[in-house]
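Presented below is the structure to which this report refers.
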Amino acid sequence: MTKLQFFLPNQMADVGAFGGGSLGFAGMAGEGAPEKVDFSIRPRGRVLTGTYDEILSRLGDAKPAAAIVLFGNAGGENAFMQELNRRLSCPIVGGGAAMDGNRGRRIAGEGDACLFLLEDDAFYIVTETKNIHSHILGRVKVGFDPVAPRVLLTIDGMDAKAWLDEKKAALGFSGEDFEHLTLSDEMGINAHFSFDGTNVLSGRDLEEEMIARYVLPEEVYPAVFDFYNDTENVIVFGCAGLKGITGELTPVKSLGLYLFGEVCMTENGAEFGNLMLSKIRFVSK
């Protein structure tokens, strides 16, 4: 059986455990907040760590009931997920480990990624994905350098920063707010933008056509709390960016994480994105 363990970014997983860094834990803030949290269930399974190529080379003909993937902020997450989808016909959830300052790889094995293959017939697995940005502005054409698919250049032919600033002002958001307004792909998986003084950067690979969407500030807390407050046999992979606009939650029943990117199940398979909520539920047979 495998210990599933999550920890603050300045910590590291116990020897033999699978897990990654989280920017705190939902409903566990304040004095006495834990630095490490173990999931309530220790399921049977295999842990693969290392570079993307090393993990893929060791998959073999694996047929797990589900998989959890944690990324070490090495980039290339979308391409790796596409390959995992081709190789594994099962639900996949997870996300990007929270960084310790600029130091990534805060995951078991300290590589590009770590992968837990659930091989335990004692559980049914249920996954769920939520995008709280429910208000749609419409489809937009996205311009980016194909060599650098996370540098946003234009939106509908307009300079990306100017387009975002214009829409934010119309909605009453500040120019520094990159959490309430965003773009998603066709499957509703968001990007999280930032501005480095020169370029608008995305936390996931961009696509040529995306959907502009937003969430109102008063809608954030109830939507986020409802998703985290599930049962103790649930792990929630949520975005640290959402934590920033939600604030600390009152105690919740699930093990709730705050990550730098989320792996979400869609009808077309699992995707890596940002500003999302994703969960896995272990249901005893």
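Identifiers for the structure tokens are assigned positionally: chains receive A, B, ... in sequence, residues are indexed from 1 per chain, and ligands are indexed from 1 in the order shown.
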Give one line per residue of range 174-235 of chain A that approaches range 10-34 of chain A to at most 12 Å, naming the two atoms of the closest pair and their distance in Å to one decimal, counting only C-alpha atoms; sort by chain then ascending residue number and deliver it as a tab-separated table.
```
residue	atom	partner	partner_atom	distance
A:Val224	CA	A:Ala26	CA	10.1
A:Phe225	CA	A:Ala26	CA	8.9
A:Asp226	CA	A:Ala26	CA	11.7
A:Phe227	CA	A:Ala26	CA	10.9
A:Tyr228	CA	A:Ala26	CA	7.4
A:Asn229	CA	A:Ala26	CA	9.1
A:Asp230	CA	A:Ala26	CA	11.6
A:Ile235	CA	A:Ala26	CA	10.7
```
Secondary structure check, strand (DSSP E or B) residues of range 42-133 of chain A, as a ChimeraX atom specification: /A:45-50,66-71,92-96,100,103,107,113-118,123-130
Distance query range 183-194 of chain A at most 7 Å, only C-alpha atoms, self and fewer than 5 positions along chain excluded, as a ChimeraX atom specification: /A:131,178,200-204,207,210-213,266,273-276
Considering only C-alpha atoms, return as a PyMOL selection string whatever protein or nucleic-acid residues lie within 8 Å of range 71-80 of chain A, sequence-local ones (same chain, fewer than 6 positions apart) excluded. chain A and resi 52+95-97+99+104-107+110-114+204-205+271-272
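For the residues A:Glu54, A:Glu128, A:Asp177, A:Asp120, ranking by smallest atom-to-atom distance to Ser278 in chain A using only C-alpha atoms places A:Glu128 first.
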Close residues, Pro217 in chain A itself excluded, 10 Å, only C-alpha atoms, min 5 positions apart in chain, as an mmCIF file with N, CA, C and O atoms, in the first residue's frame:
```
data_model
loop_
_atom_site.group_PDB
_atom_site.id
_atom_site.type_symbol
_atom_site.label_atom_id
_atom_site.label_comp_id
_atom_site.auth_asym_id
_atom_site.auth_seq_id
_atom_site.Cartn_x
_atom_site.Cartn_y
_atom_site.Cartn_z
ATOM 1 N N PHE A 173 -12.784 44.892 -12.990
ATOM 2 C CA PHE A 173 -11.619 44.229 -12.408
ATOM 3 C C PHE A 173 -10.386 45.118 -12.590
ATOM 4 O O PHE A 173 -10.288 45.873 -13.559
ATOM 5 N N GLU A 179 -7.186 36.571 -12.308
ATOM 6 C CA GLU A 179 -7.890 35.405 -11.790
ATOM 7 C C GLU A 179 -9.388 35.395 -12.111
ATOM 8 O O GLU A 179 -9.974 34.327 -12.280
ATOM 9 N N HIS A 180 -10.030 36.564 -12.183
ATOM 10 C CA HIS A 180 -11.477 36.594 -12.427
ATOM 11 C C HIS A 180 -11.822 36.481 -13.912
ATOM 12 O O HIS A 180 -12.911 36.035 -14.264
ATOM 13 N N ILE A 245 -8.139 34.499 -4.660
ATOM 14 C CA ILE A 245 -9.371 35.295 -4.743
ATOM 15 C C ILE A 245 -10.490 34.732 -3.871
ATOM 16 O O ILE A 245 -11.529 35.380 -3.719
ATOM 17 N N THR A 246 -10.273 33.548 -3.298
ATOM 18 C CA THR A 246 -11.271 32.952 -2.412
ATOM 19 C C THR A 246 -11.015 33.325 -0.966
ATOM 20 O O THR A 246 -11.943 33.555 -0.192
#
```
Mind checking which residues fall within 8 Å of range 86-91 of chain A, counting only C-alpha atoms, ignoring those fewer than 5 positions away in the same chain, and posting them as a PyMOL selection string? chain A and resi 62-67+127+265+269-270
What would the file look like if the residues just selected were written as a PDB file, in the first residue's frame with all heavy atoms?
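Result went into result-v1.pdb, see below:
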```pdb
ATOM      1  N   ALA A  62       0.596  -1.112 -18.610  1.00  0.00           N
ATOM      2  CA  ALA A  62      -0.163  -0.816 -17.392  1.00  0.00           C
ATOM      3  C   ALA A  62      -1.631  -0.550 -17.706  1.00  0.00           C
ATOM      4  O   ALA A  62      -1.955   0.154 -18.661  1.00  0.00           O
ATOM      5  CB  ALA A  62       0.440   0.392 -16.681  1.00  0.00           C
ATOM      6  N   LYS A  63      -2.497  -1.119 -16.883  1.00  0.00           N
ATOM      7  CA  LYS A  63      -3.940  -0.905 -17.014  1.00  0.00           C
ATOM      8  C   LYS A  63      -4.519  -0.557 -15.632  1.00  0.00           C
ATOM      9  O   LYS A  63      -5.309  -1.316 -15.077  1.00  0.00           O
ATOM     10  CB  LYS A  63      -4.619  -2.141 -17.601  1.00  0.00           C
ATOM     11  CG  LYS A  63      -4.223  -2.413 -19.053  1.00  0.00           C
ATOM     12  CD  LYS A  63      -4.933  -3.632 -19.600  1.00  0.00           C
ATOM     13  CE  LYS A  63      -4.661  -3.823 -21.084  1.00  0.00           C
ATOM     14  NZ  LYS A  63      -3.220  -3.933 -21.392  1.00  0.00           N
ATOM     15  N   PRO A  64      -4.121   0.583 -15.076  1.00  0.00           N
ATOM     16  CA  PRO A  64      -4.604   0.955 -13.750  1.00  0.00           C
ATOM     17  C   PRO A  64      -6.071   1.358 -13.770  1.00  0.00           C
ATOM     18  O   PRO A  64      -6.627   1.706 -14.818  1.00  0.00           O
ATOM     19  CB  PRO A  64      -3.716   2.147 -13.381  1.00  0.00           C
ATOM     20  CG  PRO A  64      -3.384   2.761 -14.701  1.00  0.00           C
ATOM     21  CD  PRO A  64      -3.243   1.603 -15.664  1.00  0.00           C
ATOM     22  N   ALA A  65      -6.684   1.334 -12.590  1.00  0.00           N
ATOM     23  CA  ALA A  65      -8.063   1.798 -12.457  1.00  0.00           C
ATOM     24  C   ALA A  65      -8.138   3.313 -12.548  1.00  0.00           C
ATOM     25  O   ALA A  65      -9.161   3.873 -12.954  1.00  0.00           O
ATOM     26  CB  ALA A  65      -8.647   1.324 -11.128  1.00  0.00           C
ATOM     27  N   ALA A  66      -7.066   3.976 -12.177  1.00  0.00           N
ATOM     28  CA  ALA A  66      -6.976   5.435 -12.241  1.00  0.00           C
ATOM     29  C   ALA A  66      -5.515   5.813 -12.056  1.00  0.00           C
ATOM     30  O   ALA A  66      -4.684   4.967 -11.696  1.00  0.00           O
ATOM     31  CB  ALA A  66      -7.838   6.095 -11.170  1.00  0.00           C
ATOM     32  N   ALA A  67      -5.200   7.077 -12.305  1.00  0.00           N
ATOM     33  CA  ALA A  67      -3.833   7.553 -12.118  1.00  0.00           C
ATOM     34  C   ALA A  67      -3.867   8.972 -11.575  1.00  0.00           C
ATOM     35  O   ALA A  67      -4.771   9.754 -11.873  1.00  0.00           O
ATOM     36  CB  ALA A  67      -3.054   7.510 -13.430  1.00  0.00           C
ATOM     37  N   THR A 127     -14.270  10.736 -10.642  1.00  0.00           N
ATOM     38  CA  THR A 127     -13.577  12.010 -10.794  1.00  0.00           C
ATOM     39  C   THR A 127     -14.572  13.103 -11.158  1.00  0.00           C
ATOM     40  O   THR A 127     -15.651  12.822 -11.693  1.00  0.00           O
ATOM     41  CB  THR A 127     -12.480  11.948 -11.875  1.00  0.00           C
ATOM     42  OG1 THR A 127     -13.081  11.677 -13.142  1.00  0.00           O
ATOM     43  CG2 THR A 127     -11.452  10.875 -11.543  1.00  0.00           C
ATOM     44  N   MET A 265     -10.307  15.855 -15.783  1.00  0.00           N
ATOM     45  CA  MET A 265     -10.924  14.939 -16.729  1.00  0.00           C
ATOM     46  C   MET A 265     -11.989  15.656 -17.551  1.00  0.00           C
ATOM     47  O   MET A 265     -12.789  16.424 -17.029  1.00  0.00           O
ATOM     48  CB  MET A 265     -11.560  13.756 -15.998  1.00  0.00           C
ATOM     49  CG  MET A 265     -10.575  12.707 -15.517  1.00  0.00           C
ATOM     50  SD  MET A 265      -9.566  12.004 -16.857  1.00  0.00           S
ATOM     51  CE  MET A 265     -10.827  11.238 -17.890  1.00  0.00           C
ATOM     52  N   GLY A 269     -10.716  13.078 -22.439  1.00  0.00           N
ATOM     53  CA  GLY A 269      -9.554  12.637 -21.691  1.00  0.00           C
ATOM     54  C   GLY A 269      -9.083  13.697 -20.718  1.00  0.00           C
ATOM     55  O   GLY A 269      -9.736  14.719 -20.511  1.00  0.00           O
ATOM     56  N   ALA A 270      -7.933  13.455 -20.099  1.00  0.00           N
ATOM     57  CA  ALA A 270      -7.404  14.362 -19.088  1.00  0.00           C
ATOM     58  C   ALA A 270      -6.593  15.480 -19.736  1.00  0.00           C
ATOM     59  O   ALA A 270      -5.897  15.268 -20.718  1.00  0.00           O
ATOM     60  CB  ALA A 270      -6.543  13.591 -18.101  1.00  0.00           C
TER      61      ALA A 270
END
```
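For the residues A:Val151, A:Val37, A:Met81, A:Leu181, ranking by smallest atom-to-atom distance to Phe7 in chain A using only C-alpha atoms places A:Val37 first.
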Step one, run DSSP on the backbone; step two, keep only residues of range 150-285 of chain A assigned to helix (DSSP H, G or I); then write them as an MDAnalysis selection string. chainID A and resid 160:171 217:228 240:246
Set the distance at 9 Å and use only C-alpha atoms: which residues neighbour Ile41 in chain A once local chain neighbours fewer than 4 positions away are removed? I'd like the list as a PDB file with all heavy atoms, in the first residue's frame.
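Just written: around_22.pdb:
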```
ATOM      1  N   THR A   2       0.382   2.314  -0.608  1.00  0.00           N
ATOM      2  CA  THR A   2       1.175   3.518  -0.822  1.00  0.00           C
ATOM      3  C   THR A   2       0.622   4.687  -0.021  1.00  0.00           C
ATOM      4  O   THR A   2      -0.581   4.976  -0.074  1.00  0.00           O
ATOM      5  CB  THR A   2       1.194   3.894  -2.314  1.00  0.00           C
ATOM      6  OG1 THR A   2       1.702   2.800  -3.071  1.00  0.00           O
ATOM      7  CG2 THR A   2       2.065   5.116  -2.552  1.00  0.00           C
ATOM      8  N   LYS A   3       1.516   5.372   0.699  1.00  0.00           N
ATOM      9  CA  LYS A   3       1.135   6.591   1.391  1.00  0.00           C
ATOM     10  C   LYS A   3       1.039   7.723   0.373  1.00  0.00           C
ATOM     11  O   LYS A   3       1.985   7.990  -0.369  1.00  0.00           O
ATOM     12  CB  LYS A   3       2.167   6.954   2.457  1.00  0.00           C
ATOM     13  CG  LYS A   3       1.831   8.251   3.216  1.00  0.00           C
ATOM     14  CD  LYS A   3       3.020   8.752   4.023  1.00  0.00           C
ATOM     15  CE  LYS A   3       3.367   7.843   5.155  1.00  0.00           C
ATOM     16  NZ  LYS A   3       4.442   8.452   6.006  1.00  0.00           N
ATOM     17  N   LEU A   4      -0.125   8.393   0.327  1.00  0.00           N
ATOM     18  CA  LEU A   4      -0.310   9.586  -0.497  1.00  0.00           C
ATOM     19  C   LEU A   4      -0.175  10.774   0.437  1.00  0.00           C
ATOM     20  O   LEU A   4      -0.996  10.966   1.338  1.00  0.00           O
ATOM     21  CB  LEU A   4      -1.674   9.570  -1.178  1.00  0.00           C
ATOM     22  CG  LEU A   4      -2.019   8.323  -2.005  1.00  0.00           C
ATOM     23  CD1 LEU A   4      -3.369   8.488  -2.683  1.00  0.00           C
ATOM     24  CD2 LEU A   4      -0.935   8.017  -3.028  1.00  0.00           C
ATOM     25  N   ASN A 233     -12.741  10.752   1.889  1.00  0.00           N
ATOM     26  CA  ASN A 233     -12.078   9.860   0.928  1.00  0.00           C
ATOM     27  C   ASN A 233     -11.891  10.539  -0.433  1.00  0.00           C
ATOM     28  O   ASN A 233     -11.825   9.878  -1.460  1.00  0.00           O
ATOM     29  CB  ASN A 233     -12.848   8.546   0.770  1.00  0.00           C
ATOM     30  CG  ASN A 233     -14.263   8.752   0.225  1.00  0.00           C
ATOM     31  OD1 ASN A 233     -14.757   9.874   0.195  1.00  0.00           O
ATOM     32  ND2 ASN A 233     -14.898   7.688  -0.194  1.00  0.00           N
ATOM     33  N   PHE A 282     -12.467   8.032  -3.781  1.00  0.00           N
ATOM     34  CA  PHE A 282     -12.276   6.594  -3.607  1.00  0.00           C
ATOM     35  C   PHE A 282     -13.522   6.032  -2.919  1.00  0.00           C
ATOM     36  O   PHE A 282     -13.798   6.366  -1.763  1.00  0.00           O
ATOM     37  CB  PHE A 282     -11.049   6.313  -2.759  1.00  0.00           C
ATOM     38  CG  PHE A 282      -9.742   6.670  -3.417  1.00  0.00           C
ATOM     39  CD1 PHE A 282      -9.331   8.003  -3.506  1.00  0.00           C
ATOM     40  CD2 PHE A 282      -8.919   5.683  -3.934  1.00  0.00           C
ATOM     41  CE1 PHE A 282      -8.121   8.339  -4.097  1.00  0.00           C
ATOM     42  CE2 PHE A 282      -7.716   6.010  -4.531  1.00  0.00           C
ATOM     43  CZ  PHE A 282      -7.323   7.336  -4.628  1.00  0.00           C
TER      44      PHE A 282
END
```
Of the residues A:Ala122, A:Leu59, A:Ala108, A:Val140, which is the one nearest to Leu206 in chain A, using only C-alpha atoms? A:Val140
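Proximity ranking of A:Phe6, A:Tyr221, A:Tyr214, A:Tyr258 relative to Ser134 in chain A places A:Tyr214 first, based on only C-alpha atoms.
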Between CA of Gly241 in chain A and CA of Phe195 in chain A lies a distance of 14.3 Å
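If you measure from each of A:Gly138, A:Gly101, A:Gly109, A:Pro222 to Gly50 in chain A using only C-alpha atoms, the closest one turns out to be A:Gly109.
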